[in-house]
Each structure stands twice: as C-alpha cells, then as structure tokens.
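Visitor: This is the structure I have questions about; it appears just below.
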Amino acid sequence: MEKITSFTIDHIKLQPGLYVSRKDKVGSETVTTFDLRLTNPNEEPVMNTAEIHTMEHLAATYLRNELIWKEKVLYFGPMGCRTGFYLLLAGDYESSQIVDLVKACFAFIRDFRGDVPGASAKDCGNYLDMNLPMANYWGAKYAALLENIDRDHLVYPE
C-alpha cells in the first residue's frame, strides 16, 4: 500500500504552526486540508482527550458561525496523534490566507467561559469528557503562536 500524505511529513523537523496538509479535487472543486499543529511532535506531551474534545466543540461552533467562512467549513477535528487538529475548507487556499480566521478561532477558545456548546447527554456522545481550563490554555498558546507566525511555520519543513 502507498504511504498516505500525512505520513510523508518529517515529524522530526515539524514544529507547531499552520500548514497546508493537502489539496484534493472533489469534482471540479478543491478541498484544502490544514494541519493546525499545536505541539512539537515527539518532543512535547500530547494534548489529553478532554481538552481536545472541548476545543473541538468550541472551534466547530465558532467556525460554523463565522460570517465569512462558515459556508466553506467542511470539518474541524483532532489528529489521532493528539498533537493538533485538521481543518477542511471548500476552496483552494494557502495557510497565510486563513491565519486571521484561525487566530480568531483560538482566541475564542482562549477566552471562552461558561457552558461548552453541545456538552450535554442529548447533544454529545461523551459529554462528560471535557476540560475547559485546559482548552483555554491551549487556545492561548496557539493564538499567541499565530500572532507573529512566520513562513517557516506556514509551510511544511523539507
């Protein structure tokens, strides 16, 4: 079997950042998959499931309500390795084009207080697995990274 695209990235060189993971054609349309890498793979501890779950609820809610981008958001969810998230957008984009969107999303996560959207038995299959304080922490950490992000953290390392 062929190695899938995400396994061809050198995770030894990979740093936290905002990367285009892949672009796929669906009919005549392009879908861009972004790698929102929050931790340094194989160097830093991974995120725990409760904070990832909370961030997924908050980011999905934010992105699907964002006036300019909401119609382009196809998916937001965690990576299996728990070092970041994937964001899939309808359209052909580069990382630099969505920095402001992702920065605003993670500022929302950083600043969110109160009841997590969808965190109820009726709305979620594992609603008790939430950790808002740690989601706030990761939101702050990633939003700060995006404040002055440079090209080295917008394009995968060679």
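Residue numbering restarts at 1 for every chain of the structure tokens, chains are lettered A, B, ... in their displayed order, and ligands are numbered from 1 as they appear.
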Tell me, which residues of stretch 42-129 of chain A carry DSSP strand (DSSP E), written as a list in words?

Guide: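 DSSP on the backbone gives strand (DSSP E) at Val73, Leu74, Tyr75, Phe76, Gly77, Pro78, Gly84, Phe85, Tyr86, Leu87, Leu88, Leu89 and Ala90 of chain A.
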
Visitor: Need the shell around stretch 102-105 of chain A: protein/DNA/RNA residues with any atom at most 10 Å away, counting only C-alpha atoms. Skip same-chain ones fewer than 2 positions apart. Format as a list in words?

Guide: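 The filter keeps Leu18, Leu36, Met55, Leu58, Ala59, Ala60, Thr61, Tyr62, Leu63, Glu66, Leu87, Ser95, Gln97, Ile98, Val99, Asp100, Ala107, Phe108, Ile109, Arg110, Gly139, Ala140, Tyr142, Ala143, Ala144, Leu145, Leu146 and Glu147 of chain A.
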
Visitor: For the selection just defined, write its residues with N, CA, C and O atoms to a file, as a compact mmCIF listing (two decimals), in the first residue's frame.

Guide:
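Ended up saving to selection_10.txt:
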# COMPACT_ATOMS: atom_id res chain seq x y z
N LEU A 18 0.83 26.36 11.26
CA LEU A 18 -0.41 26.27 10.48
C LEU A 18 -0.01 25.94 9.04
O LEU A 18 0.55 26.79 8.35
N LEU A 36 -3.30 22.15 11.77
CA LEU A 36 -3.14 23.11 12.86
C LEU A 36 -2.35 22.39 13.94
O LEU A 36 -2.92 21.65 14.75
N MET A 55 -12.03 21.66 22.89
CA MET A 55 -11.60 22.55 21.80
C MET A 55 -12.35 22.24 20.51
O MET A 55 -12.70 23.16 19.77
N LEU A 58 -15.76 23.84 20.78
CA LEU A 58 -15.69 25.31 20.69
C LEU A 58 -15.30 25.77 19.28
O LEU A 58 -15.92 26.69 18.74
N ALA A 59 -14.30 25.13 18.70
CA ALA A 59 -13.86 25.54 17.36
C ALA A 59 -14.92 25.26 16.32
O ALA A 59 -15.18 26.10 15.45
N ALA A 60 -15.54 24.09 16.38
CA ALA A 60 -16.59 23.77 15.41
C ALA A 60 -17.73 24.78 15.51
O ALA A 60 -18.26 25.24 14.50
N THR A 61 -18.10 25.13 16.73
CA THR A 61 -19.16 26.13 16.93
C THR A 61 -18.74 27.48 16.37
O THR A 61 -19.51 28.13 15.64
N TYR A 62 -17.52 27.91 16.70
CA TYR A 62 -17.04 29.20 16.20
C TYR A 62 -16.98 29.21 14.67
O TYR A 62 -17.51 30.12 14.02
N LEU A 63 -16.34 28.23 14.09
CA LEU A 63 -16.12 28.21 12.65
C LEU A 63 -17.42 28.13 11.86
O LEU A 63 -17.55 28.75 10.80
N GLU A 66 -18.98 31.67 11.92
CA GLU A 66 -18.17 32.79 11.44
C GLU A 66 -18.75 33.27 10.11
O GLU A 66 -18.91 32.49 9.16
N LEU A 87 -8.39 21.09 9.76
CA LEU A 87 -9.47 21.97 9.31
C LEU A 87 -9.59 21.79 7.81
O LEU A 87 -8.61 22.00 7.09
N SER A 95 -1.98 28.64 3.65
CA SER A 95 -2.04 28.88 5.09
C SER A 95 -2.14 30.36 5.44
O SER A 95 -2.88 30.75 6.34
N GLN A 97 -3.62 32.66 4.09
CA GLN A 97 -4.95 33.21 3.85
C GLN A 97 -5.92 32.96 5.01
O GLN A 97 -6.96 33.62 5.08
N ILE A 98 -5.58 32.03 5.89
CA ILE A 98 -6.52 31.72 6.98
C ILE A 98 -5.94 32.00 8.36
O ILE A 98 -6.57 31.65 9.36
N VAL A 99 -4.79 32.63 8.43
CA VAL A 99 -4.19 32.94 9.74
C VAL A 99 -5.17 33.72 10.60
O VAL A 99 -5.38 33.39 11.78
N ASP A 100 -5.78 34.76 10.06
CA ASP A 100 -6.70 35.58 10.86
C ASP A 100 -7.90 34.78 11.34
O ASP A 100 -8.35 34.94 12.49
N ALA A 107 -8.52 32.44 19.76
CA ALA A 107 -8.79 33.48 20.76
C ALA A 107 -10.15 33.23 21.41
O ALA A 107 -10.32 33.41 22.62
N PHE A 108 -11.11 32.79 20.60
CA PHE A 108 -12.43 32.42 21.12
C PHE A 108 -12.29 31.27 22.13
O PHE A 108 -12.87 31.32 23.22
N ILE A 109 -11.49 30.26 21.78
CA ILE A 109 -11.25 29.14 22.69
C ILE A 109 -10.55 29.63 23.96
O ILE A 109 -10.93 29.26 25.07
N ARG A 110 -9.54 30.47 23.78
CA ARG A 110 -8.79 31.03 24.92
C ARG A 110 -9.70 31.76 25.90
O ARG A 110 -9.57 31.62 27.11
N GLY A 139 -5.79 27.16 23.75
CA GLY A 139 -6.25 28.26 22.90
C GLY A 139 -5.32 29.46 23.00
O GLY A 139 -4.95 30.06 22.00
N ALA A 140 -4.91 29.78 24.23
CA ALA A 140 -3.99 30.90 24.45
C ALA A 140 -2.62 30.63 23.82
O ALA A 140 -2.04 31.51 23.17
N TYR A 142 -1.80 28.60 21.30
CA TYR A 142 -1.81 28.60 19.84
C TYR A 142 -2.13 29.98 19.28
O TYR A 142 -1.53 30.40 18.28
N ALA A 143 -3.03 30.72 19.91
CA ALA A 143 -3.32 32.09 19.46
C ALA A 143 -2.07 32.95 19.54
O ALA A 143 -1.80 33.76 18.64
N ALA A 144 -1.26 32.78 20.58
CA ALA A 144 -0.01 33.53 20.72
C ALA A 144 0.97 33.16 19.61
O ALA A 144 1.65 34.03 19.05
N LEU A 145 1.07 31.88 19.28
CA LEU A 145 1.94 31.45 18.19
C LEU A 145 1.55 32.12 16.88
O LEU A 145 2.40 32.57 16.10
N LEU A 146 0.24 32.23 16.64
CA LEU A 146 -0.25 32.80 15.39
C LEU A 146 -0.06 34.31 15.30
O LEU A 146 -0.09 34.86 14.20
N GLU A 147 0.13 34.98 16.42
CA GLU A 147 0.29 36.44 16.43
C GLU A 147 1.43 36.90 15.52
O GLU A 147 1.29 37.89 14.82

Visitor: From the list A:Asn136, A:Thr83, A:Asn42, A:Thr54, which residue is nearest A:Lys13 when using only C-alpha atoms?

Guide: A:Asn42

Visitor: How far is it from atom CA of A:Pro41 to atom CA of A:Trp138, in Å with one decimal?

Guide: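 Interatomic distance here is 15.2 Å.
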
Visitor: Using Å and a single decimal, report how far atom CA of A:Tyr75 sits from atom CA of A:Thr32.

Guide: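 Value for the atom CA of A:Thr32-atom CA of A:Tyr75 distance: 10.6 Å.
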